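In what follows, a single structure is set out as structure tokens and then discussed.
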Amino acid sequence: MCPETKEHAKIKEIVLKKLKELYGTGLKEYPHGGHINDVYIVTPNFGDIFVENIWTSTKSNFQHDLIILHRSPANVKILIVNPKIIKDKNLCREFKKTQMAETGRLIAVSDMIDGSKILNDPEFVKDEFPRIVQGLVRKVLSRISITPKTIALSIGKWQKQSTFNVHNRTEEVYYEIWVKLIVEGLNVNNKEIEIEIVRPKEGIKVKLGKIEWSTDIMRFNGTDETGNSVIYLLIANLNPKETVTFLIRNRKTVTLSGLYQIKVILSVAGFSQKPATIVTKEDQMGKSFAPPEKFKLEGVSFRLRKSSEIF
């Protein structure tokens, strides 16, 4: 193992600071997957971010660090290198093979990032580096997709219901899927918008006394940091290749001019690869969760269904 250079140490400091600004909790020199990771960020909503920084440009050191990248359990992997490595065609080919293998495992891996830009270009760190990371995060989130992405709800009177679908495109089970709906329209209160799953699915089961209850969806009304009126749906789980369908409608009859539409923009805001933690005590229950982004909470709702009664 090569001694750490001052450039390697400095890059770790800069990258850790920026990723913590973007995503929260993280450490440098983090032991995980049987190796010491240069930077590791843990997120509650789409998995983890791994950063490997290769400054010593020998072939043996490069291949050793590619093994560390491959063995990391993170969903997003970022490789920062000495610019000498980018000019070496053989090392570039070795990296491309690793990147292709990781992509086949549904891991989002960056292209090699020139470490001299991290060291010497504050604008790159401020703007371009976050764009690279956010692009990788979007690839991970695309494992769960929504159709359609936009719903035009009305011209004139909005009385008919519309539908949208949430798809798990993978062979994995995902939990706590956060779906974000941005509601655009004058004088439209998101509390007046009703959303219902078409076919109730297996969700979170809770025993209260002699009765077992279940719920599959929680709903949060609020305003996001940019001032949008938003609804978040928290879906308990999606099985491999599963699609769930939702009805969306207004509780009231809204009359609008023929030139104006109410529009809902849909996206996946986050998910987890681990089941939710449920705590029950006598006639009380508790559930821990982490919203995917900051927003002003204005209301929470969920529907309990009685699964069975225990005699």
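The chains in the structure tokens are called A, B, ... from first to last as shown; in each chain the residues are counted from 1, and the ligands are counted from 1 in the order shown.
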
Might you pull out every residue within 12 Å of stretch 83-88 of chain A, with only C-alpha atoms counted and same-chain residues fewer than 5 positions away left off, and present them as a VMD selection string?
-> chain A and resid 7 53 to 59 61 to 63 93 to 96 111 to 119

Residues from last step as file, N, CA and C atoms, as a compact mmCIF listing (two decimals), in the first residue's frame:
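See part_39.txt below for the written result:
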```
# COMPACT_ATOMS: atom_id res chain seq x y z
N GLU A 7 -1.90 15.45 -1.90
CA GLU A 7 -3.02 15.66 -2.83
C GLU A 7 -4.18 14.72 -2.50
N ASN A 53 -10.36 7.58 -4.32
CA ASN A 53 -9.45 8.58 -4.88
C ASN A 53 -8.10 7.90 -5.15
N ILE A 54 -7.70 7.84 -6.42
CA ILE A 54 -6.44 7.17 -6.79
C ILE A 54 -5.45 8.24 -7.27
N TRP A 55 -4.44 8.48 -6.48
CA TRP A 55 -3.46 9.50 -6.87
C TRP A 55 -2.13 8.89 -7.31
N THR A 56 -1.76 7.77 -6.73
CA THR A 56 -0.55 7.07 -7.17
C THR A 56 -0.90 6.27 -8.42
N SER A 57 -0.22 6.58 -9.53
CA SER A 57 -0.68 6.10 -10.83
C SER A 57 -0.04 4.80 -11.31
N THR A 58 0.54 4.01 -10.40
CA THR A 58 1.10 2.73 -10.82
C THR A 58 -0.04 1.74 -11.13
N LYS A 59 0.25 0.78 -12.01
CA LYS A 59 -0.77 -0.18 -12.42
C LYS A 59 -1.26 -1.01 -11.24
N ASN A 61 -1.29 -0.29 -8.00
CA ASN A 61 -2.11 0.50 -7.09
C ASN A 61 -3.48 0.76 -7.68
N PHE A 62 -3.52 1.04 -8.98
CA PHE A 62 -4.79 1.31 -9.65
C PHE A 62 -5.69 0.08 -9.61
N GLN A 63 -5.16 -1.08 -9.92
CA GLN A 63 -5.97 -2.29 -9.92
C GLN A 63 -6.45 -2.65 -8.51
N ARG A 93 -8.86 1.47 -19.93
CA ARG A 93 -9.58 0.26 -20.34
C ARG A 93 -9.93 -0.62 -19.13
N GLU A 94 -9.00 -0.73 -18.19
CA GLU A 94 -9.27 -1.51 -16.98
C GLU A 94 -10.45 -0.92 -16.20
N PHE A 95 -10.47 0.40 -16.11
CA PHE A 95 -11.58 1.03 -15.41
C PHE A 95 -12.90 0.80 -16.15
N LYS A 96 -12.88 0.93 -17.47
CA LYS A 96 -14.11 0.78 -18.24
C LYS A 96 -14.71 -0.61 -18.05
N ASP A 111 -17.77 8.35 -14.44
CA ASP A 111 -16.55 8.30 -15.22
C ASP A 111 -15.41 8.76 -14.32
N MET A 112 -14.17 8.55 -14.74
CA MET A 112 -13.05 9.01 -13.93
C MET A 112 -13.03 10.54 -13.90
N ILE A 113 -12.96 11.08 -12.69
CA ILE A 113 -12.97 12.53 -12.48
C ILE A 113 -11.54 13.01 -12.25
N ASP A 114 -11.14 14.03 -12.96
CA ASP A 114 -9.79 14.60 -12.85
C ASP A 114 -9.61 15.24 -11.47
N GLY A 115 -8.76 14.64 -10.64
CA GLY A 115 -8.56 15.13 -9.29
C GLY A 115 -7.96 16.52 -9.22
N SER A 116 -7.24 16.94 -10.29
CA SER A 116 -6.66 18.29 -10.27
C SER A 116 -7.75 19.36 -10.26
N LYS A 117 -8.93 19.02 -10.83
CA LYS A 117 -10.06 19.97 -10.80
C LYS A 117 -10.62 20.09 -9.38
N ILE A 118 -10.64 19.00 -8.66
CA ILE A 118 -11.08 19.06 -7.26
C ILE A 118 -10.13 19.93 -6.45
N LEU A 119 -8.84 19.82 -6.72
CA LEU A 119 -7.82 20.56 -5.96
C LEU A 119 -7.74 22.03 -6.33
```

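The gap separating atom CA of A:Ile151 from atom CA of A:Arg249 is 11.1 Å, in Å to one decimal.
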
Contacts between stretch 123-144 of chain A and stretch 65-117 of chain A, please, where a residue of stretch 65-117 of chain A counts if it comes within 9 Å (with only C-alpha atoms); show its shortest atom pair and distance in Å to one decimal, rows by chain and ascending number, as a Markdown table.
```
| residue | atom | partner | partner_atom | distance |
| --- | --- | --- | --- | --- |
| A:Asn75 | CA | A:Val140 | CA | 7.0 |
| A:Val76 | CA | A:Leu136 | CA | 6.5 |
| A:Lys77 | CA | A:Leu136 | CA | 8.3 |
| A:Ile78 | CA | A:Val133 | CA | 7.9 |
| A:Leu106 | CA | A:Val140 | CA | 7.6 |
| A:Ile107 | CA | A:Val140 | CA | 7.3 |
| A:Ala108 | CA | A:Leu136 | CA | 5.5 |
| A:Val109 | CA | A:Leu136 | CA | 7.0 |
| A:Ser110 | CA | A:Leu136 | CA | 7.0 |
| A:Ile113 | CA | A:Phe129 | CA | 8.9 |
| A:Lys117 | CA | A:Phe124 | CA | 6.5 |
```

Could you please take those selected residues and save N, CA and C atoms as a short mmCIF file (atom, residue, chain, number, x, y, z; two decimals), in the first residue's frame?
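What follows is the written file out.cif:
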```cif
data_model
loop_
_atom_site.label_atom_id
_atom_site.label_comp_id
_atom_site.auth_asym_id
_atom_site.auth_seq_id
_atom_site.Cartn_x
_atom_site.Cartn_y
_atom_site.Cartn_z
N ASN A 75 -24.52 2.04 -3.60
CA ASN A 75 -25.29 2.13 -4.84
C ASN A 75 -24.70 3.14 -5.81
N VAL A 76 -24.00 4.15 -5.28
CA VAL A 76 -23.38 5.19 -6.10
C VAL A 76 -21.88 5.16 -5.82
N LYS A 77 -21.07 5.07 -6.88
CA LYS A 77 -19.62 4.99 -6.73
C LYS A 77 -18.95 6.04 -7.59
N ILE A 78 -18.04 6.78 -6.97
CA ILE A 78 -17.35 7.89 -7.63
C ILE A 78 -15.86 7.62 -7.61
N LEU A 106 -26.62 -2.88 -11.62
CA LEU A 106 -27.48 -1.74 -11.30
C LEU A 106 -26.81 -0.77 -10.33
N ILE A 107 -25.46 -0.70 -10.38
CA ILE A 107 -24.71 0.26 -9.60
C ILE A 107 -24.38 1.45 -10.50
N ALA A 108 -24.55 2.67 -9.99
CA ALA A 108 -24.24 3.88 -10.75
C ALA A 108 -22.79 4.29 -10.47
N VAL A 109 -21.94 4.25 -11.50
CA VAL A 109 -20.52 4.55 -11.35
C VAL A 109 -20.16 5.74 -12.23
N SER A 110 -19.46 6.69 -11.66
CA SER A 110 -19.04 7.87 -12.43
C SER A 110 -17.96 7.50 -13.43
N ILE A 113 -12.96 11.08 -12.69
CA ILE A 113 -12.97 12.53 -12.48
C ILE A 113 -11.54 13.01 -12.25
N LYS A 117 -8.93 19.02 -10.83
CA LYS A 117 -10.06 19.97 -10.80
C LYS A 117 -10.62 20.09 -9.38
#
```

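Atom pair atom CA of A:Glu29 / atom CA of A:Asn82 has a distance of 18.8 Å (rounded to one decimal).
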
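Ranking A:Val173, A:Glu194, A:Ser267, A:Leu297 by their shortest atom-to-atom distance to A:Ala236, with only C-alpha atoms included, puts A:Val173 first.
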
Got a sec: who's within 12 Å of A:Gly24, counting only C-alpha atoms, leaving out chain neighbours fewer than 6 positions off, as a PyMOL selection string?
-> chain A and resi 16-18+40-45+48-49+292-294

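Residues within 8 Å of A:Ser301, counting only C-alpha atoms and excluding same-chain residues fewer than 5 positions away, are A:Met218, A:Arg219, A:Phe220.
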
Limited to C-alpha atoms, could you put the picked residues into a file as a PDB file, in the first residue's frame?
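Saved result, part_16.pdb, follows:
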```pdb
ATOM      1  CA  MET A 218     -48.755   7.095   4.388  1.00  0.00           C
ATOM      2  CA  ARG A 219     -49.386  10.571   3.013  1.00  0.00           C
ATOM      3  CA  PHE A 220     -47.719  13.868   3.888  1.00  0.00           C
TER       4      PHE A 220
END
```

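Close contacts of A:Gly222, defined as residues with an atom at most 8 Å away when counting only C-alpha atoms, with chain neighbours fewer than 5 positions off set aside, comprise Ser229, Val230, Ile231, Phe295, Lys296, Leu297, Glu298 and Gly299 of chain A.
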
Among the residues A:Thr103, A:Thr223, A:Thr243, A:Asn120, the one that comes closest to A:Ser145 [using only C-alpha atoms] = A:Thr243

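Computed from the coordinates, the atom CA of A:Thr98 to atom CA of A:Leu69 distance equals 8.7 Å.
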
Any chance you could list, as a ChimeraX atom specification, the residues in stretch 54-220 of chain A that come up strand (DSSP E or B) when DSSP is run on the backbone?
-> /A:54,76-81,108-109,113-114,144-147,150-154,157-158,162-168,174-184,193-197,204-208,211-215,217-220

Name the residues in contact with A:Ile177 at a cut-off of 7 Å, using only C-alpha atoms, excluding same-chain residues fewer than 6 positions from it; report them as a PyMOL selection string.
-> chain A and resi 234-237+270-272

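Counting only C-alpha atoms, the residue from A:Val268, A:Ile182, A:His167, A:Ser162 that sits nearest to A:Ile248 is A:Ser162.
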
Backbone DSSP call of helix (DSSP H, G or I) for stretch 27-156 of chain A, listed as an MDAnalysis selection string = chainID A and resid 59:71 83:86 89:104 115:120 122:141

Store the residues picked out above, limited to C-alpha atoms, as a short mmCIF file (atom, residue, chain, number, x, y, z; two decimals), in the first residue's frame.
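Writing done, so here's out.cif:
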```cif
data_model
loop_
_atom_site.label_atom_id
_atom_site.label_comp_id
_atom_site.auth_asym_id
_atom_site.auth_seq_id
_atom_site.Cartn_x
_atom_site.Cartn_y
_atom_site.Cartn_z
CA LYS A 59 -0.77 -0.18 -12.42
CA SER A 60 -0.73 -2.31 -9.26
CA ASN A 61 -2.11 0.50 -7.09
CA PHE A 62 -4.79 1.31 -9.65
CA GLN A 63 -5.97 -2.29 -9.92
CA HIS A 64 -5.98 -2.66 -6.12
CA ASP A 65 -8.25 0.38 -5.80
CA LEU A 66 -10.56 -0.89 -8.55
CA ILE A 67 -11.06 -4.01 -6.44
CA ILE A 68 -12.04 -1.80 -3.49
CA LEU A 69 -14.52 0.04 -5.72
CA HIS A 70 -16.00 -3.23 -6.98
CA ARG A 71 -16.43 -4.73 -3.51
CA PRO A 83 -4.82 13.22 -14.42
CA LYS A 84 -1.90 10.97 -15.43
CA ILE A 85 -4.26 7.99 -15.12
CA ILE A 86 -6.79 9.53 -17.51
CA LYS A 89 -5.10 4.03 -22.28
CA ASN A 90 -4.47 0.70 -20.54
CA LEU A 91 -5.64 1.95 -17.15
CA CYS A 92 -8.66 3.60 -18.77
CA ARG A 93 -9.58 0.26 -20.34
CA GLU A 94 -9.27 -1.51 -16.98
CA PHE A 95 -11.58 1.03 -15.41
CA LYS A 96 -14.11 0.78 -18.24
CA LYS A 97 -14.39 -2.99 -17.72
CA THR A 98 -15.07 -2.44 -14.02
CA GLN A 99 -17.57 0.32 -14.75
CA MET A 100 -19.46 -1.93 -17.20
CA ALA A 101 -19.56 -4.79 -14.69
CA GLU A 102 -20.94 -2.48 -11.99
CA THR A 103 -23.55 -1.05 -14.34
CA GLY A 104 -24.73 -4.59 -15.01
CA GLY A 115 -8.56 15.13 -9.29
CA SER A 116 -6.66 18.29 -10.27
CA LYS A 117 -10.06 19.97 -10.80
CA ILE A 118 -11.08 19.06 -7.26
CA LEU A 119 -7.82 20.56 -5.96
CA ASN A 120 -7.59 23.69 -8.09
CA PRO A 122 -13.51 25.82 -6.69
CA GLU A 123 -16.20 26.39 -9.34
CA PHE A 124 -15.92 22.75 -10.43
CA VAL A 125 -16.42 21.64 -6.82
CA LYS A 126 -19.30 24.05 -6.34
CA ASP A 127 -21.24 23.34 -9.53
CA GLU A 128 -20.01 20.53 -11.81
CA PHE A 129 -19.12 17.95 -9.13
CA PRO A 130 -22.60 18.12 -7.52
CA ARG A 131 -24.17 17.76 -10.98
CA ILE A 132 -22.15 14.59 -11.58
CA VAL A 133 -23.21 13.11 -8.24
CA GLN A 134 -26.85 14.09 -8.65
CA GLY A 135 -26.89 12.50 -12.11
CA LEU A 136 -25.70 9.23 -10.57
CA VAL A 137 -28.35 9.48 -7.86
CA ARG A 138 -31.06 9.92 -10.53
CA LYS A 139 -29.88 6.70 -12.17
CA VAL A 140 -30.32 4.86 -8.89
CA LEU A 141 -33.75 6.36 -8.30
#
```
